[in-house]
Structure formats: C-alpha cells, structure tokens
file model_12.cif (mmCIF, C-alpha atoms; chains and numbers go by the auth columns)
data_my_file
loop_
_atom_site.group_PDB
_atom_site.id
_atom_site.type_symbol
_atom_site.label_atom_id
_atom_site.label_comp_id
_atom_site.label_asym_id
_atom_site.label_seq_id
_atom_site.Cartn_x
_atom_site.Cartn_y
_atom_site.Cartn_z
_atom_site.B_iso_or_equiv
_atom_site.auth_seq_id
_atom_site.auth_asym_id
ATOM 1 C CA MET A 1 -20.336 -9.102 1.886 0.00 1 A
ATOM 2 C CA LEU A 2 -16.894 -8.412 0.440 0.00 2 A
ATOM 3 C CA GLN A 3 -15.926 -10.057 -2.858 0.00 3 A
ATOM 4 C CA THR A 4 -13.732 -13.135 -2.724 0.00 4 A
ATOM 5 C CA ASN A 5 -9.982 -12.564 -2.901 0.00 5 A
ATOM 6 C CA ALA A 6 -9.972 -14.351 -6.258 0.00 6 A
ATOM 7 C CA ALA A 7 -12.510 -11.817 -7.546 0.00 7 A
ATOM 8 C CA LEU A 8 -10.471 -8.910 -6.142 0.00 8 A
ATOM 9 C CA THR A 9 -7.254 -10.040 -7.829 0.00 9 A
ATOM 10 C CA ALA A 10 -9.148 -10.698 -11.081 0.00 10 A
ATOM 11 C CA ALA A 11 -10.512 -7.134 -10.912 0.00 11 A
ATOM 12 C CA ALA A 12 -6.966 -5.843 -10.341 0.00 12 A
ATOM 13 C CA ARG A 13 -5.702 -7.712 -13.420 0.00 13 A
ATOM 14 C CA ASP A 14 -8.581 -6.284 -15.440 0.00 14 A
ATOM 15 C CA SER A 15 -7.727 -2.743 -14.287 0.00 15 A
ATOM 16 C CA LEU A 16 -4.097 -3.305 -15.263 0.00 16 A
ATOM 17 C CA SER A 17 -4.861 -5.025 -18.572 0.00 17 A
ATOM 18 C CA GLU A 18 -4.068 -2.045 -20.809 0.00 18 A
ATOM 19 C CA ARG A 19 -1.778 -0.205 -18.394 0.00 19 A
ATOM 20 C CA TRP A 20 0.911 -2.710 -17.482 0.00 20 A
ATOM 21 C CA GLY A 21 3.598 -0.617 -19.167 0.00 21 A
ATOM 22 C CA LEU A 22 2.701 2.479 -17.153 0.00 22 A
ATOM 23 C CA ALA A 23 2.453 0.533 -13.899 0.00 23 A
ATOM 24 C CA ILE A 24 5.794 -1.224 -14.434 0.00 24 A
ATOM 25 C CA GLY A 25 7.428 2.120 -15.261 0.00 25 A
ATOM 26 C CA VAL A 26 6.064 3.760 -12.109 0.00 26 A
ATOM 27 C CA PHE A 27 7.216 0.942 -9.845 0.00 27 A
ATOM 28 C CA PHE A 28 10.612 0.879 -11.547 0.00 28 A
ATOM 29 C CA VAL A 29 11.019 4.580 -10.694 0.00 29 A
ATOM 30 C CA TYR A 30 9.815 3.817 -7.145 0.00 30 A
ATOM 31 C CA PHE A 31 12.409 1.052 -6.672 0.00 31 A
ATOM 32 C CA MET A 32 15.224 3.070 -8.242 0.00 32 A
ATOM 33 C CA THR A 33 14.412 6.046 -6.004 0.00 33 A
ATOM 34 C CA LEU A 34 14.707 3.854 -2.901 0.00 34 A
ATOM 35 C CA VAL A 35 17.900 2.207 -4.182 0.00 35 A
ATOM 36 C CA ALA A 36 19.509 5.561 -5.032 0.00 36 A
ATOM 37 C CA ILE A 37 18.723 6.926 -1.571 0.00 37 A
ATOM 38 C CA SER A 38 19.999 3.784 0.155 0.00 38 A
ATOM 39 C CA LEU A 39 23.399 4.306 -1.546 0.00 39 A
ATOM 40 C CA ILE A 40 23.898 7.684 0.133 0.00 40 A
ATOM 41 C CA PRO A 41 26.459 7.170 2.924 0.00 41 A
ATOM 42 C CA VAL A 42 25.161 7.611 6.495 0.00 42 A
ATOM 43 C CA ALA A 43 22.216 9.872 5.614 0.00 43 A
ATOM 44 C CA GLY A 44 20.636 7.277 3.288 0.00 44 A
ATOM 45 C CA SER A 45 18.850 5.308 6.001 0.00 45 A
ATOM 46 C CA ILE A 46 17.493 8.498 7.598 0.00 46 A
ATOM 47 C CA LEU A 47 16.311 9.792 4.216 0.00 47 A
ATOM 48 C CA GLN A 48 14.580 6.460 3.521 0.00 48 A
ATOM 49 C CA LEU A 49 12.681 6.797 6.795 0.00 49 A
ATOM 50 C CA ILE A 50 11.678 10.367 5.939 0.00 50 A
ATOM 51 C CA ILE A 51 10.444 9.656 2.397 0.00 51 A
ATOM 52 C CA ALA A 52 8.817 6.256 3.083 0.00 52 A
ATOM 53 C CA GLY A 53 5.525 7.872 4.131 0.00 53 A
ATOM 54 C CA PRO A 54 5.154 10.312 1.211 0.00 54 A
ATOM 55 C CA LEU A 55 6.208 7.629 -1.291 0.00 55 A
ATOM 56 C CA GLY A 56 3.809 5.131 0.313 0.00 56 A
ATOM 57 C CA LEU A 57 1.018 7.660 -0.070 0.00 57 A
ATOM 58 C CA GLY A 58 2.044 8.210 -3.706 0.00 58 A
ATOM 59 C CA VAL A 59 1.903 4.454 -4.361 0.00 59 A
ATOM 60 C CA ALA A 60 -1.592 4.388 -2.839 0.00 60 A
ATOM 61 C CA ILE A 61 -2.744 7.331 -4.995 0.00 61 A
ATOM 62 C CA PHE A 62 -1.405 5.738 -8.185 0.00 62 A
ATOM 63 C CA SER A 63 -2.658 2.208 -7.389 0.00 63 A
ATOM 64 C CA LYS A 64 -6.100 3.515 -6.465 0.00 64 A
ATOM 65 C CA ALA A 65 -6.326 5.437 -9.761 0.00 65 A
ATOM 66 C CA ILE A 66 -5.529 2.219 -11.665 0.00 66 A
ATOM 67 C CA ALA A 67 -8.032 0.228 -9.579 0.00 67 A
ATOM 68 C CA ARG A 68 -10.732 2.832 -10.279 0.00 68 A
ATOM 69 C CA LYS A 69 -9.784 2.932 -13.977 0.00 69 A
ATOM 70 C CA GLU A 70 -9.174 6.660 -13.658 0.00 70 A
ATOM 71 C CA ALA A 71 -6.410 8.749 -15.216 0.00 71 A
ATOM 72 C CA ALA A 72 -3.063 7.592 -13.847 0.00 72 A
ATOM 73 C CA ASP A 73 0.466 8.847 -14.423 0.00 73 A
ATOM 74 C CA ILE A 74 3.934 8.783 -12.876 0.00 74 A
ATOM 75 C CA ASP A 75 3.427 12.187 -11.221 0.00 75 A
ATOM 76 C CA GLN A 76 1.018 10.533 -8.776 0.00 76 A
ATOM 77 C CA LEU A 77 3.931 8.600 -7.269 0.00 77 A
ATOM 78 C CA PHE A 78 5.263 11.891 -5.894 0.00 78 A
ATOM 79 C CA GLN A 79 1.932 13.492 -4.925 0.00 79 A
ATOM 80 C CA GLY A 80 2.424 12.223 -1.378 0.00 80 A
ATOM 81 C CA PHE A 81 5.072 14.918 -0.953 0.00 81 A
ATOM 82 C CA GLN A 82 2.313 17.522 -1.320 0.00 82 A
ATOM 83 C CA GLN A 83 0.990 16.125 1.981 0.00 83 A
ATOM 84 C CA PHE A 84 4.453 15.540 3.403 0.00 84 A
ATOM 85 C CA GLY A 85 3.660 16.185 7.073 0.00 85 A
ATOM 86 C CA ARG A 86 0.562 13.991 7.242 0.00 86 A
ATOM 87 C CA ALA A 87 2.224 11.182 5.292 0.00 87 A
ATOM 88 C CA LEU A 88 5.388 11.254 7.410 0.00 88 A
ATOM 89 C CA VAL A 89 3.574 11.389 10.759 0.00 89 A
ATOM 90 C CA SER A 90 1.171 8.607 9.692 0.00 90 A
ATOM 91 C CA TYR A 91 4.087 6.393 8.647 0.00 91 A
ATOM 92 C CA LEU A 92 6.028 7.071 11.862 0.00 92 A
ATOM 93 C CA LEU A 93 2.968 6.353 14.028 0.00 93 A
ATOM 94 C CA MET A 94 2.240 3.101 12.155 0.00 94 A
ATOM 95 C CA THR A 95 5.874 2.037 12.443 0.00 95 A
ATOM 96 C CA LEU A 96 5.961 2.867 16.163 0.00 96 A
ATOM 97 C CA PHE A 97 2.718 1.048 17.007 0.00 97 A
ATOM 98 C CA VAL A 98 3.638 -2.026 14.958 0.00 98 A
ATOM 99 C CA PHE A 99 7.111 -2.066 16.556 0.00 99 A
ATOM 100 C CA LEU A 100 5.581 -1.868 20.045 0.00 100 A
ATOM 101 C CA GLY A 101 3.203 -4.684 19.069 0.00 101 A
ATOM 102 C CA MET A 102 6.165 -6.768 17.919 0.00 102 A
ATOM 103 C CA LEU A 103 7.798 -6.274 21.311 0.00 103 A
ATOM 104 C CA LEU A 104 4.784 -7.890 23.003 0.00 104 A
ATOM 105 C CA LEU A 105 5.196 -10.909 20.696 0.00 105 A
ATOM 106 C CA ILE A 106 5.218 -11.171 16.913 0.00 106 A
ATOM 107 C CA ILE A 107 1.468 -11.778 16.484 0.00 107 A
ATOM 108 C CA PRO A 108 0.212 -8.463 17.990 0.00 108 A
ATOM 109 C CA GLY A 109 2.570 -6.593 15.653 0.00 109 A
ATOM 110 C CA ILE A 110 1.237 -8.452 12.612 0.00 110 A
ATOM 111 C CA ILE A 111 -2.358 -7.771 13.716 0.00 111 A
ATOM 112 C CA LEU A 112 -1.583 -4.051 14.050 0.00 112 A
ATOM 113 C CA ALA A 113 0.130 -3.979 10.631 0.00 113 A
ATOM 114 C CA LEU A 114 -3.020 -5.491 9.121 0.00 114 A
ATOM 115 C CA ALA A 115 -5.240 -3.071 11.052 0.00 115 A
ATOM 116 C CA TYR A 116 -3.306 -0.070 9.702 0.00 116 A
ATOM 117 C CA SER A 117 -3.066 -1.381 6.118 0.00 117 A
ATOM 118 C CA GLN A 118 -5.633 1.098 4.775 0.00 118 A
ATOM 119 C CA VAL A 119 -4.115 4.295 6.197 0.00 119 A
ATOM 120 C CA PHE A 120 -2.545 5.669 2.999 0.00 120 A
ATOM 121 C CA TYR A 121 -5.714 5.015 0.974 0.00 121 A
ATOM 122 C CA ILE A 122 -7.739 6.851 3.633 0.00 122 A
ATOM 123 C CA LEU A 123 -5.287 9.779 3.563 0.00 123 A
ATOM 124 C CA SER A 124 -5.505 9.920 -0.234 0.00 124 A
ATOM 125 C CA ASP A 125 -9.304 10.039 -0.108 0.00 125 A
ATOM 126 C CA ASP A 126 -9.588 12.711 2.598 0.00 126 A
ATOM 127 C CA GLU A 127 -7.030 15.519 2.745 0.00 127 A
ATOM 128 C CA THR A 128 -8.585 16.908 5.952 0.00 128 A
ATOM 129 C CA ILE A 129 -8.193 13.796 8.094 0.00 129 A
ATOM 130 C CA SER A 130 -5.379 13.773 10.665 0.00 130 A
ATOM 131 C CA PRO A 131 -2.824 10.943 10.876 0.00 131 A
ATOM 132 C CA MET A 132 -4.290 9.586 14.129 0.00 132 A
ATOM 133 C CA GLU A 133 -7.822 9.739 12.719 0.00 133 A
ATOM 134 C CA ALA A 134 -6.627 7.849 9.630 0.00 134 A
ATOM 135 C CA LEU A 135 -5.070 5.135 11.804 0.00 135 A
ATOM 136 C CA ASN A 136 -8.258 4.810 13.855 0.00 136 A
ATOM 137 C CA LYS A 137 -10.437 4.734 10.748 0.00 137 A
ATOM 138 C CA SER A 138 -8.255 2.009 9.214 0.00 138 A
ATOM 139 C CA LYS A 139 -8.563 -0.077 12.411 0.00 139 A
ATOM 140 C CA GLU A 140 -12.321 0.389 12.325 0.00 140 A
ATOM 141 C CA MET A 141 -12.631 -0.526 8.631 0.00 141 A
ATOM 142 C CA MET A 142 -10.437 -3.613 9.048 0.00 142 A
ATOM 143 C CA GLN A 143 -12.453 -4.976 11.956 0.00 143 A
ATOM 144 C CA GLY A 144 -13.475 -8.460 10.853 0.00 144 A
ATOM 145 C CA TYR A 145 -11.398 -8.272 7.633 0.00 145 A
ATOM 146 C CA LYS A 146 -7.804 -8.656 8.841 0.00 146 A
ATOM 147 C CA TRP A 147 -7.747 -12.403 8.159 0.00 147 A
ATOM 148 C CA LYS A 148 -9.156 -11.850 4.670 0.00 148 A
ATOM 149 C CA TYR A 149 -6.467 -9.250 3.948 0.00 149 A
ATOM 150 C CA PHE A 150 -3.788 -11.600 5.292 0.00 150 A
ATOM 151 C CA LEU A 151 -5.025 -14.345 2.953 0.00 151 A
ATOM 152 C CA LEU A 152 -5.009 -11.853 0.074 0.00 152 A
ATOM 153 C CA ALA A 153 -1.342 -11.106 0.797 0.00 153 A
ATOM 154 C CA LEU A 154 -0.581 -14.845 0.958 0.00 154 A
ATOM 155 C CA ARG A 155 -1.942 -15.267 -2.587 0.00 155 A
ATOM 156 C CA PHE A 156 1.177 -13.505 -3.863 0.00 156 A
ATOM 157 C CA LEU A 157 3.712 -15.605 -1.932 0.00 157 A
ATOM 158 C CA GLY A 158 4.169 -18.163 -4.723 0.00 158 A
ATOM 159 C CA TRP A 159 4.585 -15.389 -7.291 0.00 159 A
ATOM 160 C CA PHE A 160 7.174 -13.733 -5.052 0.00 160 A
ATOM 161 C CA LEU A 161 9.172 -16.963 -4.824 0.00 161 A
ATOM 162 C CA LEU A 162 9.071 -17.252 -8.627 0.00 162 A
ATOM 163 C CA CYS A 163 10.324 -13.664 -8.889 0.00 163 A
ATOM 164 C CA ILE A 164 13.432 -14.659 -6.947 0.00 164 A
ATOM 165 C CA LEU A 165 14.279 -17.027 -9.807 0.00 165 A
ATOM 166 C CA THR A 166 14.253 -14.038 -12.183 0.00 166 A
ATOM 167 C CA LEU A 167 16.785 -12.243 -9.928 0.00 167 A
ATOM 168 C CA GLY A 168 14.021 -9.870 -8.869 0.00 168 A
ATOM 169 C CA ILE A 169 13.115 -8.651 -12.364 0.00 169 A
ATOM 170 C CA GLY A 170 9.689 -10.295 -12.064 0.00 170 A
ATOM 171 C CA LEU A 171 8.937 -7.957 -9.154 0.00 171 A
ATOM 172 C CA LEU A 172 8.375 -5.176 -11.696 0.00 172 A
ATOM 173 C CA TRP A 173 5.239 -7.088 -12.774 0.00 173 A
ATOM 174 C CA LEU A 174 4.337 -8.470 -9.371 0.00 174 A
ATOM 175 C CA MET A 175 4.417 -5.213 -7.388 0.00 175 A
ATOM 176 C CA PRO A 176 1.829 -3.382 -9.534 0.00 176 A
ATOM 177 C CA TYR A 177 -0.370 -6.495 -9.378 0.00 177 A
ATOM 178 C CA VAL A 178 -0.042 -6.639 -5.577 0.00 178 A
ATOM 179 C CA GLN A 179 -0.583 -2.916 -5.010 0.00 179 A
ATOM 180 C CA VAL A 180 -3.572 -2.624 -7.359 0.00 180 A
ATOM 181 C CA SER A 181 -5.085 -5.705 -5.687 0.00 181 A
ATOM 182 C CA TYR A 182 -4.690 -3.990 -2.308 0.00 182 A
ATOM 183 C CA ALA A 183 -6.277 -0.831 -3.725 0.00 183 A
ATOM 184 C CA THR A 184 -9.148 -2.941 -5.085 0.00 184 A
ATOM 185 C CA PHE A 185 -9.548 -4.454 -1.606 0.00 185 A
ATOM 186 C CA TYR A 186 -9.741 -0.927 -0.162 0.00 186 A
ATOM 187 C CA GLU A 187 -12.402 0.104 -2.676 0.00 187 A
ATOM 188 C CA ALA A 188 -14.522 -2.953 -1.811 0.00 188 A
ATOM 189 C CA LEU A 189 -13.958 -2.404 1.922 0.00 189 A
ATOM 190 C CA LYS A 190 -14.962 1.256 1.663 0.00 190 A
ATOM 191 C CA LYS A 191 -18.225 0.312 -0.074 0.00 191 A
ATOM 192 C CA GLN A 192 -18.860 -2.345 2.555 0.00 192 A
ATOM 193 C CA SER A 193 -18.224 0.149 5.389 0.00 193 A
ATOM 194 C CA ALA A 194 -20.596 2.650 3.767 0.00 194 A
ATOM 195 C CA THR A 195 -23.396 0.071 3.609 0.00 195 A
ATOM 196 C CA VAL A 196 -22.836 -0.936 7.244 0.00 196 A
ATOM 197 C CA VAL A 197 -23.001 2.714 8.369 0.00 197 A
#
call {"tool": "encode", "arguments": {"input": "model_12.cif", "output": "structure tokens"}}
result
Amino acid sequence: MLQTNAALTAAARDSLSERWGLAIGVFFVYFMTLVAISLIPVAGSILQLIIAGPLGLGVAIFSKAIARKEAADIDQLFQGFQQFGRALVSYLLMTLFVFLGMLLLIIPGIILALAYSQVFYILSDDETISPMEALNKSKEMMQGYKWKYFLLALRFLGWFLLCILTLGIGLLWLMPYVQVSYATFYEALKKQSATVV
C-alpha cells in the first residue's frame, strides 16, 4: 500500500532540507526562462509550446534526483533537451488527449491529466521507451491512484493562496516542494507497481 500523502510530503521536505537554495535557484531559472520566452513577440507562444516538453522532463529529472537524495544540479533542468523529440511528442500527445477529454466535459480531461501525470518521470527512467508507451505506462501505473494524486495536489492549494499574498515570491519555495512531492509520489508508485507485477 502506498504511503499516506502526509508521509509523502514529509519525505519531500526531508529530501529538500539541505538543498532548498539549489532547488529555489533551479526553479527561479525555470520561471525566468518561461517569462523571457513569453516576451518574444509572436513567436513566444510557439516557442513555449516547443520547449514545454523538454523543460518538463528536465524538472522531472531534477525533482527525482532531489527525491532520491542523489546528486542534483541546475544542468538537469536542461537535460530534457537531450531527448528533445521524445519530450516534445510526449507533451503534445498529453496536451491533445487532455484537450479532447475536456471537450467531452471537464471531468474526463482532468481524469486524463491525472492518468498522464507520471509520463516525464517514466521518460527520465527509461530512455528507450516511446512517447506512446510512456503515456500508456503512466495510465497503467495510475490505475486506482488518480484520486490519491488529486488529493496530494489539493494539499498545496492553501500554500498557493498564501503565495499570492507574497506577490508570487513564495512560489519559489512552493514549486520545489510541490515538484519533489510529486517525484516522491512517483517513486512510491513505482515500488508499488513493481510489487504488484
């Protein structure tokens, strides 16, 4: 049985305990990269779409390293570009499927977003897996755990509202906490899937 969400977030805080500075720095660079690209006239929105997958994979690589208490550094944020094609195609497929789910009604789209939540972690663990295989594996792993993941995400809602009061500055602390908690969830889910198999 998977750990409680309280235990998962506590494990994330423990993993971050001596590396908050690094994590905040990495997510600051991540945010500033997205902001800088968004300021480019016309091409900015297209560029954001193109780099969202590789950057998402980089965030997963970095967050997973922190969660595992392995060596972590800012270079990992950009390692997703070494797998540019797989990261881009995976992101576009996820976006397409979630969008189509949203067209049916909001709930199917949310369910699909939860089902595909592990894709970038799966890609970072297996460089041979194809985008479609990663999406299918994520759906399989999340079977029976989507509600738990949704509740994990809800745990951060209050913190997010507090961050608004800091004009968004608090997000530099919140985002590493959220992402490392998600990576910790993935690690626990992967162990659980291995025992079921």
call {"tool": "residues_around", "arguments": {"input": "model_12.cif", "residues": "Ile50 of chain A", "least_positions_apart": "6", "cutoff": "10 Å", "atoms": "all atoms listed in the file", "output": "ChimeraX atom specification"}}
result
/A:44,84-85,87-89,91-92
call {"tool": "atom_distance", "arguments": {"input": "model_12.cif", "atom1": "atom CA of Ser130 of chain A", "atom2": "atom CA of Met94 of chain A"}}
result
13.2 Å
call {"tool": "atom_distance", "arguments": {"input": "model_12.cif", "atom1": "atom CA of Leu77 of chain A", "atom2": "atom CA of Leu96 of chain A"}}
result
24.2 Å
call {"tool": "residues_around", "arguments": {"input": "model_12.cif", "residues": "Ala60 of chain A", "least_positions_apart": "5", "cutoff": "9 Å", "atoms": "only C-alpha atoms", "output": "list in words"}}
result
Leu55, Ala65, Gln76, Leu77, Gly80, Phe120, Tyr121, Ser124, Gln179, Val180, Tyr182 and Ala183 of chain A
call {"tool": "write_last_selection", "arguments": {"input": "model_12.cif", "atoms": "C-alpha atoms", "output": "PDB file, keeping the file's coordinate frame"}}
result
ATOM      1  CA  LEU A  55       6.208   7.629  -1.291  1.00  0.00           C
ATOM      2  CA  ALA A  65      -6.326   5.437  -9.761  1.00  0.00           C
ATOM      3  CA  GLN A  76       1.018  10.533  -8.776  1.00  0.00           C
ATOM      4  CA  LEU A  77       3.931   8.600  -7.269  1.00  0.00           C
ATOM      5  CA  GLY A  80       2.424  12.223  -1.378  1.00  0.00           C
ATOM      6  CA  PHE A 120      -2.545   5.669   2.999  1.00  0.00           C
ATOM      7  CA  TYR A 121      -5.714   5.015   0.974  1.00  0.00           C
ATOM      8  CA  SER A 124      -5.505   9.920  -0.234  1.00  0.00           C
ATOM      9  CA  GLN A 179      -0.583  -2.916  -5.010  1.00  0.00           C
ATOM     10  CA  VAL A 180      -3.572  -2.624  -7.359  1.00  0.00           C
ATOM     11  CA  TYR A 182      -4.690  -3.990  -2.308  1.00  0.00           C
ATOM     12  CA  ALA A 183      -6.277  -0.831  -3.725  1.00  0.00           C
TER      13      ALA A 183
END
call {"tool": "closest_residue", "arguments": {"input": "model_12.cif", "among": "A:Gln118, A:Ser38, A:Thr95, A:Gln82", "to": "Ala188 of chain A", "atoms": "all atoms listed in the file"}}
result
A:Gln118
call {"tool": "closest_atom_pairs", "arguments": {"input": "model_12.cif", "of": "segment 56-128 of chain A", "to": "segment 138-160 of chain A", "cutoff": "8 Å", "atoms": "all atoms listed in the file", "output": "JSON lines"}}
result
{"residue": "A:Ile111", "atom": "CA", "partner": "A:Lys146", "partner_atom": "CA", "distance": 7.4}
{"residue": "A:Leu114", "atom": "CA", "partner": "A:Lys146", "partner_atom": "CA", "distance": 5.7}
{"residue": "A:Ala115", "atom": "CA", "partner": "A:Lys139", "partner_atom": "CA", "distance": 4.7}
{"residue": "A:Tyr116", "atom": "CA", "partner": "A:Ser138", "partner_atom": "CA", "distance": 5.4}
{"residue": "A:Ser117", "atom": "CA", "partner": "A:Ser138", "partner_atom": "CA", "distance": 6.9}
{"residue": "A:Gln118", "atom": "CA", "partner": "A:Ser138", "partner_atom": "CA", "distance": 5.2}
{"residue": "A:Val119", "atom": "CA", "partner": "A:Ser138", "partner_atom": "CA", "distance": 5.6}
{"residue": "A:Ile122", "atom": "CA", "partner": "A:Ser138", "partner_atom": "CA", "distance": 7.4}
call {"tool": "resolve_selection", "arguments": {"input": "model_12.cif", "expression": "the PyMOL selection byres ((chain A and resi 29) around 12)", "output": "list in words"}}
result
Leu22, Ala23, Ile24, Gly25, Val26, Phe27, Phe28, Tyr30, Phe31, Met32, Thr33, Leu34, Val35, Ala36, Leu55, Gly58, Val59, Asp73, Ile74, Asp75, Gln76, Leu77, Phe78 and Leu172 of chain A
call {"tool": "axis_aligned_box", "arguments": {"input": "model_12.cif", "around": "segment 71-89 of chain A", "padding_each_side": "8 Å", "output": "JSON"}}
result
{"center_x": -0.5, "center_y": 12.6, "center_z": -2.2, "size_x": 27.8, "size_y": 25.9, "size_z": 42.0}
call {"tool": "resolve_selection", "arguments": {"input": "model_12.cif", "expression": "the PyMOL selection byres ((chain A and resi 15-20) around 9)", "output": "list of chain:residue names"}}
result
A:Ala10, A:Ala11, A:Ala12, A:Arg13, A:Asp14, A:Gly21, A:Leu22, A:Ala23, A:Ile24, A:Gly25, A:Ile66, A:Ala67, A:Arg68, A:Lys69, A:Trp173, A:Pro176, A:Tyr177, A:Val180
call {"tool": "closest_residue", "arguments": {"input": "model_12.cif", "among": "A:Gln79, A:Asn136, A:Ser193, A:Thr184", "to": "Gln3 of chain A", "atoms": "only C-alpha atoms"}}
result
A:Thr184
call {"tool": "atom_distance", "arguments": {"input": "model_12.cif", "atom1": "atom CA of Lys191 of chain A", "atom2": "atom CA of Ala71 of chain A"}}
result
21.0 Å
call {"tool": "residues_around", "arguments": {"input": "model_12.cif", "residues": "Asp126 of chain A", "least_positions_apart": "5", "cutoff": "12 Å", "atoms": "only C-alpha atoms", "output": "ChimeraX atom specification"}}
result
/A:61,83,86,119-121,131,133-134,137
call {"tool": "closest_residue", "arguments": {"input": "model_12.cif", "among": "A:Ile164, A:Ile46, A:Ala72, A:Val98", "to": "Ile110 of chain A", "atoms": "all atoms listed in the file"}}
result
A:Val98
call {"tool": "closest_residue", "arguments": {"input": "model_12.cif", "among": "A:Phe81, A:Ser181, A:Ser45, A:Leu112", "to": "Leu100 of chain A", "atoms": "all atoms listed in the file"}}
result
A:Leu112
call {"tool": "residues_near_point", "arguments": {"input": "model_12.cif", "point": "(-9.4, -8.3, -5.1)", "cutoff": "6 Å", "atoms": "all atoms listed in the file", "output": "list in words"}}
result
Asn5, Ala7, Leu8, Thr9, Ser181, Thr184 and Phe185 of chain A
